[in-house]
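Here's the structure we're looking at; comments come further down.
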Amino acid sequence: MRIVFLVALLGGAIFYTYIAFSDLNFMTRTGRLGPGFFPRLVGAAMVVMTFWAILDALRDRRMVAAGGAPGPDDAPEGVWRDFLLLLGLAFGYAILVRLFGGFVSTVVYLIAALSLLNPGRHLQNALVAVIFPTGVYVLFDRVLNANMPPALFDILPF
Amino acid sequence: MEIFSDLVMGLSYAVTPINLAYLLIGAMVGMIVGVIPGFGPSAGLAILLPLTFGMDPIGAIMMLAAIYYGSMYGGTITSILLNTPGESATVASTFDGYPLAKKGRAGPALVMQAVASFVGGTVGVILITILAPMFSQVSRSFGPPEYFLLAMMGMLTLLVMIGSNWKLGVISALIGFALGTVGVDLETGQSRYTFGSAELIGGIYFIPIAIGLFGLGELFYAFYSQIHKSASGSLVEYGREQRFWPTAQDFLSTRWTMVRGSILGFVVGVIPGAGATIASLMAYSTERSLSKTPENFGQGEMAGLVAPETANNAASSGAMIPLLTLGIPGSASTAVLLAAFLLWGLRPGPLFMEQNPELAWGMIASMYLGNIILLAINIFAIPLFVQIIKVPYRILGPCVVVICLLGTFTVHASFVETWLMFAAGVVGFFMRLYGFSPAALVLALVLGPLAEEALRQTLTISRGSFGIFLDRPASLWIIGVTIALVVLLPLMGRIGAGAGRAEKAGG
Amino acid sequence: MTQLQDSLTGWIKAGALGLAVAAPFAVAAQAQTYPDPGETLDWTIAFGPGGGNDIMARTIVEILNTYDLYPGDITVENRAGGSGAVGWGYLFGQAGSGYGISTTSGSFVTTPLQADTPWEPADFTPVALLATDDLVLVVNGSSDIQDIGQFIEYAQSNPVTIAGTGTVNVDFIVPTLFAQAAGFEFEYVSFNSMADQTTALLSQSVDAMVGNPGEILGLIDSGDLRALVYSGASTPEALGDVPTMGEVGYEIGVSMPRGLILPPDAPAEAQAFWIETMQQVVETPEWAEYIRSNTLTPTVLYGEEFRTFLTNTQNGFAEVLRSVGAIQ
């Protein structure tokens, strides 16, 4: 996974650098530093450094494969499933918020999340899923008059 | 003793029952808007501004000023408890605040941050009282060349943030620089990396990135490492250390940190545009360079929390100086205060304190009282806040997602920014997992645009010549201080840390 | 229309005192179809609370309520984001309706130049230009340059630096056009905010700057900054005897529009109603106070004239910006 992340970073860095060289000028017409000056330096440095880090990671992997001790920078042990579960829930929530606004989607998301993460305790989950969003709504929308995400599809009567 | 009589006169205007009530309301609102991630002082001020229209200007300005510095107290609470910075100036407080909470020292950490905020705020207002005219000269001598040099000085602090794996640290910083170039190029007006999106014209804002990298990223990491399934199910094995109050050792070991943090924070705060975020990050890395035990930083070192906290509060006091003595707002929050002055028909500028002494000194006097009130509110509220991390993590976790997402949305009502926050959360998780440095990324995101813009402005002004840095007295001063830091800090570190650190650097 | 105009002239003569009395007549004289008191007016502010656009919108709503100029309910909503693209995009989506409304500011012209917005300023139904944001050119108070004549003379022999906020902005356009007219060259130094550029001028990093006078009146009063020339049609009283660019012979006629718009293709009677209503609003003492305290220039144009103004302003901007390569 470490390699995958680094390769993704390299991809981003190459894209960034490509635009810096193709769309943005190094100098302005009057001979000053142009909009592309800084991005080109940063992009080129990013590509070089990420490439170097990938080489390091590959070397570490070979060492591990050859039976050597894992490198000092190896990722700590963990459970990918739980990370992906939370990631999926958060992603779903972000989409719900776009569609149904701040309040409704928070209730729906919390019910879903808590029934997966805190199974069996239905009363506790239901209370949290209703009281917490209500508290947030009252504080943000009523007390502080802050922006709450508006709904594309308004399904609430109020 | 004219200062003294001015201050007494100010107090006599500030201390009326109604004005004290406004001060209390402002302090509480400031605490609340500070606690909510994303919802910073400038948003809080803008929301309450309309309420002050019918009010007496002294009461109104006391209330608005209290919201402003009160939010600096509140902003740290989620930094410590959830690793989610309340606003940009409290990002540095996550570095050691959150590890302290994980070690079971959330109570002492919260009390120490309140004390540090109080010290920083109070030192700041004392410096305003006695030295405002002198510091207004500092505000007056900063042009683009000085900002560029200041940014370069800040880059030195990046070296401290880069962490154990220097290659990954440099990549982290470069990502921050790259994000900083998004938006309309200030000099030519050309759009960079906006891909036609109107939301990106203004650039990538700091807050969604910070909330994502630290708040959401840490949450993903906590689930990955199974904290929600641990024995107690909560973030901290709270039973391990029940002590709520800091120890004498906590105070003793950080007394000079508070002094240094206050002075550094104040001076940086006085410079318009530099502000509390840069002050707190610089204070953190300065303290780490000076420490005898730099390896403890990031593992829950009290000095690592106290330094940014004193600095950001001192900086928010310092930012009052350009506002009061020149009518120049040094930050988004003081810009709202300036708008308030204008709405009341006042004319902020060099003559402001002379023409409106009751208002200016009333506000300064109220800042002494406000800091005391906020310290008291904090001490009372901390036991409540500490309950948050006793909530089982499998319940708290999903709720933190809600806070991060809605908090980000409140800032600019932007869905693009909530997605940016989300993406930063995923990237932040991987950065945490593989030993990158999110701290270097955010520092680069703050300093990169400052450095690029100031350098290009400078070269336009000097018509391409770098000699301008040597022509200006203020520039020479900054160069001198920077060289002194580069030469002296490693020396002091070497003397303090001894062989152990040298070995580490070699390995 | 004549009936409308008659009632209006009567109005202005009646003055502020007559406002409350005349208002019901004005509404009664209107066609019965608009406004329907049962419909809620959806007022969009394309920026967050506390900004210039927000203050103007809320000032107008306050005046409408105080003098009972609109019979139905008004809901005011800040729909911020994307330099105005979100809020005005929302109004654009209400095409054909007479019950959506919004105020404009500089970004109304500049945002479509920089981003792929689905709308252009001329797409909306124009109600009125109410005021313009104009700029004052100032130098450091310790400078030897005492007036605009000396400045131009100096700049013709020594290239100067002038600071302003942003490049796709009136701050860049105004000095560029002025320099072309007056025959001098300068380097424009772009800053992020009025505060940054003021700091640069106070630290003697730049020779001069342009900016809205409101924020720097205090510095002008104290002698730290010296005002030389004003870009609007008439100098605000707070600036004293500073001449306008027209008075020194180099009229440039570019400024940032603060006006009122309805969705595209709004009903004609809605446009007529709002034109008439705004004619009443600009006569109120509250509006005069708003103009004074925000140091705006009270430039007023109605209906199609406002649309023409917007188109001309945008074309002028696009031309200058294209010539320097800021936009394609």
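Here, A, B, ... name the chains of the structure tokens in the order displayed, residue numbers run from 1 inside each chain, and ligands are numbered from 1 in the same displayed order.
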Write down, as a ChimeraX atom specification, each residue of chain A that has any atom within 10 Å of an atom of chain C, counting only C-alpha atoms. /A:28-30,146-147,150
Could you please tell me, as a PyMOL selection string, which residues of chain C have an atom within 8 Å of chain B when using only C-alpha atoms? chain C and resi 48-50+79-83+85+111+114-117+161+166-168+187+189-192+195-196+198-206+214-219+221-222+293-294+324-327
Could you turn the residues from that selection into a file that holds N, CA and C atoms, as a tab-separated table (two decimals), in the first residue's frame?
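Result written to again-v8.tsv:
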chain	number	residue	atom	x	y	z
C	48	GLY	N	-20.83	36.40	2.03
C	48	GLY	CA	-21.09	36.13	3.44
C	48	GLY	C	-21.48	37.39	4.19
C	49	PRO	N	-21.93	37.20	5.44
C	49	PRO	CA	-22.32	38.35	6.26
C	49	PRO	C	-21.13	39.27	6.53
C	50	GLY	N	-21.39	40.56	6.61
C	50	GLY	CA	-20.35	41.50	7.01
C	50	GLY	C	-19.61	42.17	5.87
C	79	ARG	N	-25.97	33.45	0.18
C	79	ARG	CA	-25.55	32.25	-0.56
C	79	ARG	C	-24.16	32.52	-1.11
C	80	ALA	N	-23.18	32.36	-0.22
C	80	ALA	CA	-21.82	32.74	-0.56
C	80	ALA	C	-21.11	31.60	-1.28
C	81	GLY	N	-20.00	31.91	-1.90
C	81	GLY	CA	-19.15	30.88	-2.50
C	81	GLY	C	-18.75	31.24	-3.91
C	82	GLY	N	-17.52	30.89	-4.25
C	82	GLY	CA	-17.04	31.08	-5.61
C	82	GLY	C	-17.09	32.52	-6.08
C	83	SER	N	-16.66	33.44	-5.21
C	83	SER	CA	-16.64	34.86	-5.57
C	83	SER	C	-17.95	35.32	-6.18
C	85	ALA	N	-20.23	33.41	-7.60
C	85	ALA	CA	-20.78	32.51	-8.63
C	85	ALA	C	-21.95	31.70	-8.10
C	111	THR	N	-15.99	37.98	-11.90
C	111	THR	CA	-16.02	36.52	-11.77
C	111	THR	C	-16.28	35.81	-13.10
C	114	GLN	N	-13.21	35.33	-15.09
C	114	GLN	CA	-12.18	34.42	-14.60
C	114	GLN	C	-12.60	32.97	-14.57
C	115	ALA	N	-13.88	32.71	-14.48
C	115	ALA	CA	-14.33	31.32	-14.31
C	115	ALA	C	-15.45	31.03	-15.30
C	116	ASP	N	-15.72	29.73	-15.48
C	116	ASP	CA	-16.76	29.32	-16.42
C	116	ASP	C	-18.13	29.42	-15.78
C	117	THR	N	-18.60	30.60	-15.52
C	117	THR	CA	-19.94	30.73	-14.96
C	117	THR	C	-20.95	30.55	-16.09
C	161	THR	N	5.87	53.07	-9.08
C	161	THR	CA	5.12	51.86	-8.72
C	161	THR	C	3.82	52.28	-8.04
C	166	GLY	N	-5.35	43.12	-6.04
C	166	GLY	CA	-5.70	42.20	-7.12
C	166	GLY	C	-5.46	42.78	-8.49
C	167	THR	N	-5.50	41.92	-9.50
C	167	THR	CA	-5.27	42.37	-10.87
C	167	THR	C	-6.56	42.39	-11.67
C	168	VAL	N	-7.40	41.37	-11.50
C	168	VAL	CA	-8.68	41.38	-12.19
C	168	VAL	C	-9.63	42.22	-11.34
C	187	GLU	N	4.63	50.69	-12.87
C	187	GLU	CA	4.58	49.26	-12.58
C	187	GLU	C	3.46	49.06	-11.56
C	189	VAL	N	1.77	46.99	-8.68
C	189	VAL	CA	2.11	45.96	-7.70
C	189	VAL	C	0.82	45.50	-7.03
C	190	SER	N	0.52	44.21	-7.21
C	190	SER	CA	-0.76	43.68	-6.77
C	190	SER	C	-0.66	43.12	-5.35
C	191	PHE	N	-1.62	43.49	-4.49
C	191	PHE	CA	-1.65	42.99	-3.11
C	191	PHE	C	-2.96	42.24	-2.85
C	192	ASN	N	-2.98	41.50	-1.73
C	192	ASN	CA	-4.15	40.70	-1.40
C	192	ASN	C	-5.27	41.49	-0.77
C	195	ALA	N	-5.34	46.31	3.42
C	195	ALA	CA	-4.42	46.41	4.55
C	195	ALA	C	-2.98	46.18	4.09
C	196	ASP	N	-2.77	45.17	3.25
C	196	ASP	CA	-1.42	44.86	2.78
C	196	ASP	C	-0.83	46.00	1.97
C	198	THR	N	-1.70	49.16	2.00
C	198	THR	CA	-1.49	50.35	2.83
C	198	THR	C	-0.19	50.21	3.62
C	199	THR	N	0.06	49.00	4.15
C	199	THR	CA	1.30	48.75	4.87
C	199	THR	C	2.49	48.99	3.94
C	200	ALA	N	2.37	48.53	2.69
C	200	ALA	CA	3.47	48.70	1.75
C	200	ALA	C	3.74	50.19	1.47
C	201	LEU	N	2.67	50.96	1.37
C	201	LEU	CA	2.86	52.39	1.10
C	201	LEU	C	3.44	53.10	2.33
C	202	LEU	N	2.94	52.74	3.51
C	202	LEU	CA	3.47	53.37	4.73
C	202	LEU	C	4.95	53.03	4.93
C	203	SER	N	5.36	51.82	4.51
C	203	SER	CA	6.76	51.44	4.68
C	203	SER	C	7.61	51.93	3.50
C	204	GLN	N	7.03	52.77	2.67
C	204	GLN	CA	7.72	53.38	1.53
C	204	GLN	C	8.26	52.35	0.55
C	205	SER	N	7.54	51.23	0.44
C	205	SER	CA	7.96	50.23	-0.53
C	205	SER	C	7.47	50.57	-1.93
C	206	VAL	N	6.32	51.23	-2.00
C	206	VAL	CA	5.79	51.64	-3.30
C	206	VAL	C	5.64	53.16	-3.30
C	214	GLY	N	-12.72	54.90	2.04
C	214	GLY	CA	-13.31	54.65	3.35
C	214	GLY	C	-12.33	54.19	4.42
C	215	GLU	N	-11.54	53.15	4.06
C	215	GLU	CA	-10.67	52.55	5.07
C	215	GLU	C	-9.46	53.41	5.42
C	216	ILE	N	-9.09	54.38	4.57
C	216	ILE	CA	-7.85	55.10	4.82
C	216	ILE	C	-8.07	56.57	5.15
C	217	LEU	N	-9.34	56.95	5.39
C	217	LEU	CA	-9.59	58.36	5.72
C	217	LEU	C	-8.79	58.79	6.95
C	218	GLY	N	-8.70	57.88	7.93
C	218	GLY	CA	-7.96	58.21	9.15
C	218	GLY	C	-6.51	58.53	8.85
C	219	LEU	N	-5.90	57.78	7.97
C	219	LEU	CA	-4.50	58.01	7.62
C	219	LEU	C	-4.34	59.27	6.78
C	221	ASP	N	-6.38	61.94	7.11
C	221	ASP	CA	-6.57	63.01	8.11
C	221	ASP	C	-5.28	63.32	8.86
C	222	SER	N	-4.57	62.23	9.25
C	222	SER	CA	-3.41	62.43	10.11
C	222	SER	C	-2.19	62.89	9.30
C	293	SER	N	-21.32	57.04	4.62
C	293	SER	CA	-20.45	56.31	5.52
C	293	SER	C	-19.60	55.28	4.79
C	294	ASN	N	-20.03	54.85	3.60
C	294	ASN	CA	-19.21	53.90	2.85
C	294	ASN	C	-18.41	54.59	1.74
C	324	VAL	N	-2.95	42.60	-21.06
C	324	VAL	CA	-1.82	42.26	-20.19
C	324	VAL	C	-1.72	40.75	-19.97
C	325	GLY	N	-2.61	39.99	-20.59
C	325	GLY	CA	-2.50	38.53	-20.51
C	325	GLY	C	-3.12	37.91	-19.27
C	326	ALA	N	-3.87	38.70	-18.50
C	326	ALA	CA	-4.46	38.14	-17.29
C	326	ALA	C	-5.56	37.14	-17.61
C	327	ILE	N	-6.28	37.39	-18.69
C	327	ILE	CA	-7.31	36.44	-19.10
C	327	ILE	C	-7.12	36.15	-20.58
Can you list, as a PDB file with N, CA and C atoms, in the first residue's frame, every residue of stretch 152-267 of chain C that DSSP puts in strand (DSSP E)?
ATOM      1  N   VAL C 160       7.007  54.962 -11.971  1.00  0.00           N
ATOM      2  CA  VAL C 160       6.598  54.815 -10.574  1.00  0.00           C
ATOM      3  C   VAL C 160       5.981  53.432 -10.341  1.00  0.00           C
ATOM      4  N   THR C 161       5.865  53.069  -9.076  1.00  0.00           N
ATOM      5  CA  THR C 161       5.121  51.863  -8.725  1.00  0.00           C
ATOM      6  C   THR C 161       3.824  52.280  -8.039  1.00  0.00           C
ATOM      7  N   ILE C 162       2.722  51.645  -8.451  1.00  0.00           N
ATOM      8  CA  ILE C 162       1.419  51.921  -7.842  1.00  0.00           C
ATOM      9  C   ILE C 162       0.848  50.609  -7.325  1.00  0.00           C
ATOM     10  N   ALA C 163       0.444  50.595  -6.066  1.00  0.00           N
ATOM     11  CA  ALA C 163      -0.108  49.390  -5.453  1.00  0.00           C
ATOM     12  C   ALA C 163      -1.623  49.401  -5.531  1.00  0.00           C
ATOM     13  N   GLY C 164      -2.202  48.209  -5.614  1.00  0.00           N
ATOM     14  CA  GLY C 164      -3.642  48.058  -5.594  1.00  0.00           C
ATOM     15  C   GLY C 164      -3.979  46.646  -5.151  1.00  0.00           C
ATOM     16  N   THR C 165      -5.284  46.365  -5.010  1.00  0.00           N
ATOM     17  CA  THR C 165      -5.698  45.035  -4.575  1.00  0.00           C
ATOM     18  C   THR C 165      -6.105  44.197  -5.772  1.00  0.00           C
ATOM     19  N   PHE C 186       3.880  53.116 -15.438  1.00  0.00           N
ATOM     20  CA  PHE C 186       4.054  52.697 -14.053  1.00  0.00           C
ATOM     21  C   PHE C 186       4.087  51.182 -13.982  1.00  0.00           C
ATOM     22  N   GLU C 187       4.634  50.687 -12.868  1.00  0.00           N
ATOM     23  CA  GLU C 187       4.580  49.255 -12.580  1.00  0.00           C
ATOM     24  C   GLU C 187       3.465  49.057 -11.560  1.00  0.00           C
ATOM     25  N   TYR C 188       2.543  48.144 -11.872  1.00  0.00           N
ATOM     26  CA  TYR C 188       1.467  47.864 -10.928  1.00  0.00           C
ATOM     27  C   TYR C 188       1.931  46.756  -9.986  1.00  0.00           C
ATOM     28  N   VAL C 189       1.767  46.989  -8.682  1.00  0.00           N
ATOM     29  CA  VAL C 189       2.106  45.962  -7.697  1.00  0.00           C
ATOM     30  C   VAL C 189       0.815  45.504  -7.034  1.00  0.00           C
ATOM     31  N   SER C 190       0.520  44.209  -7.212  1.00  0.00           N
ATOM     32  CA  SER C 190      -0.761  43.683  -6.766  1.00  0.00           C
ATOM     33  C   SER C 190      -0.663  43.123  -5.349  1.00  0.00           C
ATOM     34  N   PHE C 191      -1.623  43.487  -4.489  1.00  0.00           N
ATOM     35  CA  PHE C 191      -1.650  42.985  -3.112  1.00  0.00           C
ATOM     36  C   PHE C 191      -2.956  42.238  -2.850  1.00  0.00           C
ATOM     37  N   ALA C 208       2.976  54.910  -4.730  1.00  0.00           N
ATOM     38  CA  ALA C 208       1.600  55.379  -4.591  1.00  0.00           C
ATOM     39  C   ALA C 208       0.690  54.168  -4.546  1.00  0.00           C
ATOM     40  N   MET C 209      -0.574  54.388  -4.198  1.00  0.00           N
ATOM     41  CA  MET C 209      -1.538  53.287  -4.303  1.00  0.00           C
ATOM     42  C   MET C 209      -2.916  53.845  -4.611  1.00  0.00           C
ATOM     43  N   VAL C 210      -3.779  52.942  -5.106  1.00  0.00           N
ATOM     44  CA  VAL C 210      -5.173  53.310  -5.282  1.00  0.00           C
ATOM     45  C   VAL C 210      -6.006  52.457  -4.346  1.00  0.00           C
ATOM     46  N   GLY C 211      -7.100  53.008  -3.848  1.00  0.00           N
ATOM     47  CA  GLY C 211      -7.959  52.226  -2.973  1.00  0.00           C
ATOM     48  C   GLY C 211      -9.225  52.983  -2.670  1.00  0.00           C
ATOM     49  N   LEU C 225      -0.910  59.792   4.821  1.00  0.00           N
ATOM     50  CA  LEU C 225      -1.108  59.575   3.395  1.00  0.00           C
ATOM     51  C   LEU C 225      -1.649  60.867   2.802  1.00  0.00           C
ATOM     52  N   ARG C 226      -1.340  61.103   1.519  1.00  0.00           N
ATOM     53  CA  ARG C 226      -1.825  62.327   0.863  1.00  0.00           C
ATOM     54  C   ARG C 226      -2.643  61.936  -0.357  1.00  0.00           C
ATOM     55  N   ALA C 227      -3.922  62.369  -0.354  1.00  0.00           N
ATOM     56  CA  ALA C 227      -4.799  62.052  -1.481  1.00  0.00           C
ATOM     57  C   ALA C 227      -4.510  63.001  -2.633  1.00  0.00           C
ATOM     58  N   LEU C 228      -4.432  62.437  -3.875  1.00  0.00           N
ATOM     59  CA  LEU C 228      -4.104  63.277  -5.029  1.00  0.00           C
ATOM     60  C   LEU C 228      -5.269  63.442  -5.988  1.00  0.00           C
ATOM     61  N   VAL C 229      -5.960  62.349  -6.284  1.00  0.00           N
ATOM     62  CA  VAL C 229      -7.012  62.442  -7.292  1.00  0.00           C
ATOM     63  C   VAL C 229      -8.025  61.331  -7.049  1.00  0.00           C
ATOM     64  N   TYR C 230      -9.285  61.590  -7.432  1.00  0.00           N
ATOM     65  CA  TYR C 230     -10.367  60.633  -7.190  1.00  0.00           C
ATOM     66  C   TYR C 230     -10.954  60.202  -8.518  1.00  0.00           C
ATOM     67  N   MET C 256     -16.815  50.325 -10.194  1.00  0.00           N
ATOM     68  CA  MET C 256     -17.460  49.078  -9.812  1.00  0.00           C
ATOM     69  C   MET C 256     -18.928  49.313  -9.522  1.00  0.00           C
ATOM     70  N   PRO C 257     -19.795  48.539 -10.192  1.00  0.00           N
ATOM     71  CA  PRO C 257     -21.236  48.790 -10.054  1.00  0.00           C
ATOM     72  C   PRO C 257     -21.835  48.164  -8.811  1.00  0.00           C
ATOM     73  N   ARG C 258     -22.527  48.957  -8.025  1.00  0.00           N
ATOM     74  CA  ARG C 258     -23.361  48.416  -6.947  1.00  0.00           C
ATOM     75  C   ARG C 258     -24.799  48.657  -7.343  1.00  0.00           C
ATOM     76  N   GLY C 259     -25.460  47.594  -7.741  1.00  0.00           N
ATOM     77  CA  GLY C 259     -26.821  47.760  -8.238  1.00  0.00           C
ATOM     78  C   GLY C 259     -27.729  46.641  -7.810  1.00  0.00           C
ATOM     79  N   LEU C 260     -28.894  46.573  -8.469  1.00  0.00           N
ATOM     80  CA  LEU C 260     -29.911  45.598  -8.107  1.00  0.00           C
ATOM     81  C   LEU C 260     -30.345  44.877  -9.369  1.00  0.00           C
ATOM     82  N   ILE C 261     -30.458  43.538  -9.295  1.00  0.00           N
ATOM     83  CA  ILE C 261     -30.859  42.758 -10.465  1.00  0.00           C
ATOM     84  C   ILE C 261     -31.953  41.765 -10.110  1.00  0.00           C
ATOM     85  N   LEU C 262     -32.742  41.391 -11.151  1.00  0.00           N
ATOM     86  CA  LEU C 262     -33.745  40.336 -11.036  1.00  0.00           C
ATOM     87  C   LEU C 262     -33.272  39.164 -11.900  1.00  0.00           C
TER      88      LEU C 262
END
List the spatial neighbours of stretch 109-120 of chain A as a ChimeraX atom specification - criterion: any atom at most 7 Å away, only C-alpha atoms, same-chain residues fewer than 6 positions off excluded. /A:89,93,126,129 /B:394-395,398
Could the residues in this selection be written to a file with C-alpha atoms, as an mmCIF file, in the first residue's frame?
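The resulting file, out07.cif, is reproduced below:
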data_model
loop_
_atom_site.group_PDB
_atom_site.id
_atom_site.type_symbol
_atom_site.label_atom_id
_atom_site.label_comp_id
_atom_site.auth_asym_id
_atom_site.auth_seq_id
_atom_site.Cartn_x
_atom_site.Cartn_y
_atom_site.Cartn_z
ATOM 1 C CA LEU A 89 -19.615 5.863 5.842
ATOM 2 C CA TYR A 93 -22.519 11.046 4.481
ATOM 3 C CA ALA A 126 -31.434 6.161 18.258
ATOM 4 C CA ALA A 129 -28.759 9.887 16.115
ATOM 5 C CA ARG B 394 -17.269 3.870 18.339
ATOM 6 C CA ILE B 395 -19.937 6.520 19.083
ATOM 7 C CA PRO B 398 -19.054 9.033 13.661
#
Taking only C-alpha atoms into account, find every residue of chain A that has an atom no more than 8 Å from chain B, and write it out as a PyMOL selection string. chain A and resi 2+5+16+19+24+32-35+38-39+42-43+45-46+49-50+53+73-83+86-87+90-91+94+98+102+106+110+113-114+117-118+132+144-149
Determine, counting only C-alpha atoms, which protein, DNA and RNA residues have an atom within 7 Å of an atom of B:Leu374; residues of the same chain fewer than 3 positions away are not included. Present the result as a PyMOL selection string. chain B and resi 27+70+370-371+377-378
Would you mind exporting the chosen residues as a PDB file, in the first residue's frame, restricted to N, CA and C atoms?
ATOM      1  N   ALA B  27     -17.384  36.976  25.581  1.00  0.00           N
ATOM      2  CA  ALA B  27     -16.418  35.936  25.942  1.00  0.00           C
ATOM      3  C   ALA B  27     -17.017  34.555  25.742  1.00  0.00           C
ATOM      4  N   GLY B  70     -11.642  35.650  22.777  1.00  0.00           N
ATOM      5  CA  GLY B  70     -12.249  34.492  23.427  1.00  0.00           C
ATOM      6  C   GLY B  70     -12.164  33.249  22.565  1.00  0.00           C
ATOM      7  N   GLY B 370     -11.450  40.819  30.331  1.00  0.00           N
ATOM      8  CA  GLY B 370     -11.891  39.713  29.486  1.00  0.00           C
ATOM      9  C   GLY B 370     -11.024  38.484  29.656  1.00  0.00           C
ATOM     10  N   ASN B 371      -9.723  38.685  29.744  1.00  0.00           N
ATOM     11  CA  ASN B 371      -8.832  37.536  29.909  1.00  0.00           C
ATOM     12  C   ASN B 371      -9.069  36.839  31.243  1.00  0.00           C
ATOM     13  N   ILE B 377     -14.018  31.076  33.024  1.00  0.00           N
ATOM     14  CA  ILE B 377     -14.969  30.247  32.263  1.00  0.00           C
ATOM     15  C   ILE B 377     -14.309  28.916  31.897  1.00  0.00           C
ATOM     16  N   ASN B 378     -13.065  29.000  31.450  1.00  0.00           N
ATOM     17  CA  ASN B 378     -12.362  27.795  31.028  1.00  0.00           C
ATOM     18  C   ASN B 378     -12.219  26.807  32.168  1.00  0.00           C
TER      19      ASN B 378
END
Give me the residues near C:Phe306 as a PyMOL selection string, where near means some atom within 12 Å (using only C-alpha atoms) and where sequence neighbours in that chain fewer than 2 positions away do not count. chain C and resi 104+121-122+124-132+257-261+275+299-304+308-313
For the residues in the current selection, export C-alpha atoms as a JSON list (two decimals), in the first residue's frame.
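Final file, out-v8.json:
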[["chain", "number", "residue", "atom", "x", "y", "z"],
["C", 104, "THR", "CA", -24.31, 43.28, -7.41],
["C", 121, "PRO", "CA", -23.93, 40.10, -16.14],
["C", 122, "ALA", "CA", -26.06, 41.15, -19.12],
["C", 124, "PHE", "CA", -30.00, 39.28, -15.74],
["C", 125, "THR", "CA", -32.94, 41.68, -15.75],
["C", 126, "PRO", "CA", -31.41, 44.99, -14.70],
["C", 127, "VAL", "CA", -33.21, 47.14, -12.14],
["C", 128, "ALA", "CA", -30.86, 49.93, -11.21],
["C", 129, "LEU", "CA", -27.30, 50.98, -10.68],
["C", 130, "LEU", "CA", -27.41, 52.65, -7.29],
["C", 131, "ALA", "CA", -23.84, 53.61, -6.54],
["C", 132, "THR", "CA", -20.30, 53.03, -7.66],
["C", 257, "PRO", "CA", -21.24, 48.79, -10.05],
["C", 258, "ARG", "CA", -23.36, 48.42, -6.95],
["C", 259, "GLY", "CA", -26.82, 47.76, -8.24],
["C", 260, "LEU", "CA", -29.91, 45.60, -8.11],
["C", 261, "ILE", "CA", -30.86, 42.76, -10.46],
["C", 275, "ILE", "CA", -37.29, 50.60, -10.79],
["C", 299, "THR", "CA", -24.30, 57.15, -9.56],
["C", 300, "VAL", "CA", -27.85, 56.14, -10.47],
["C", 301, "LEU", "CA", -29.00, 54.47, -13.71],
["C", 302, "TYR", "CA", -32.21, 52.53, -14.30],
["C", 303, "GLY", "CA", -33.28, 49.52, -16.36],
["C", 304, "GLU", "CA", -31.67, 49.05, -19.75],
["C", 308, "THR", "CA", -25.55, 48.86, -21.03],
["C", 309, "PHE", "CA", -23.35, 50.09, -18.20],
["C", 310, "LEU", "CA", -22.63, 46.52, -17.13],
["C", 311, "THR", "CA", -21.79, 45.42, -20.66],
["C", 312, "ASN", "CA", -19.52, 48.41, -21.23],
["C", 313, "THR", "CA", -17.76, 47.92, -17.91]]
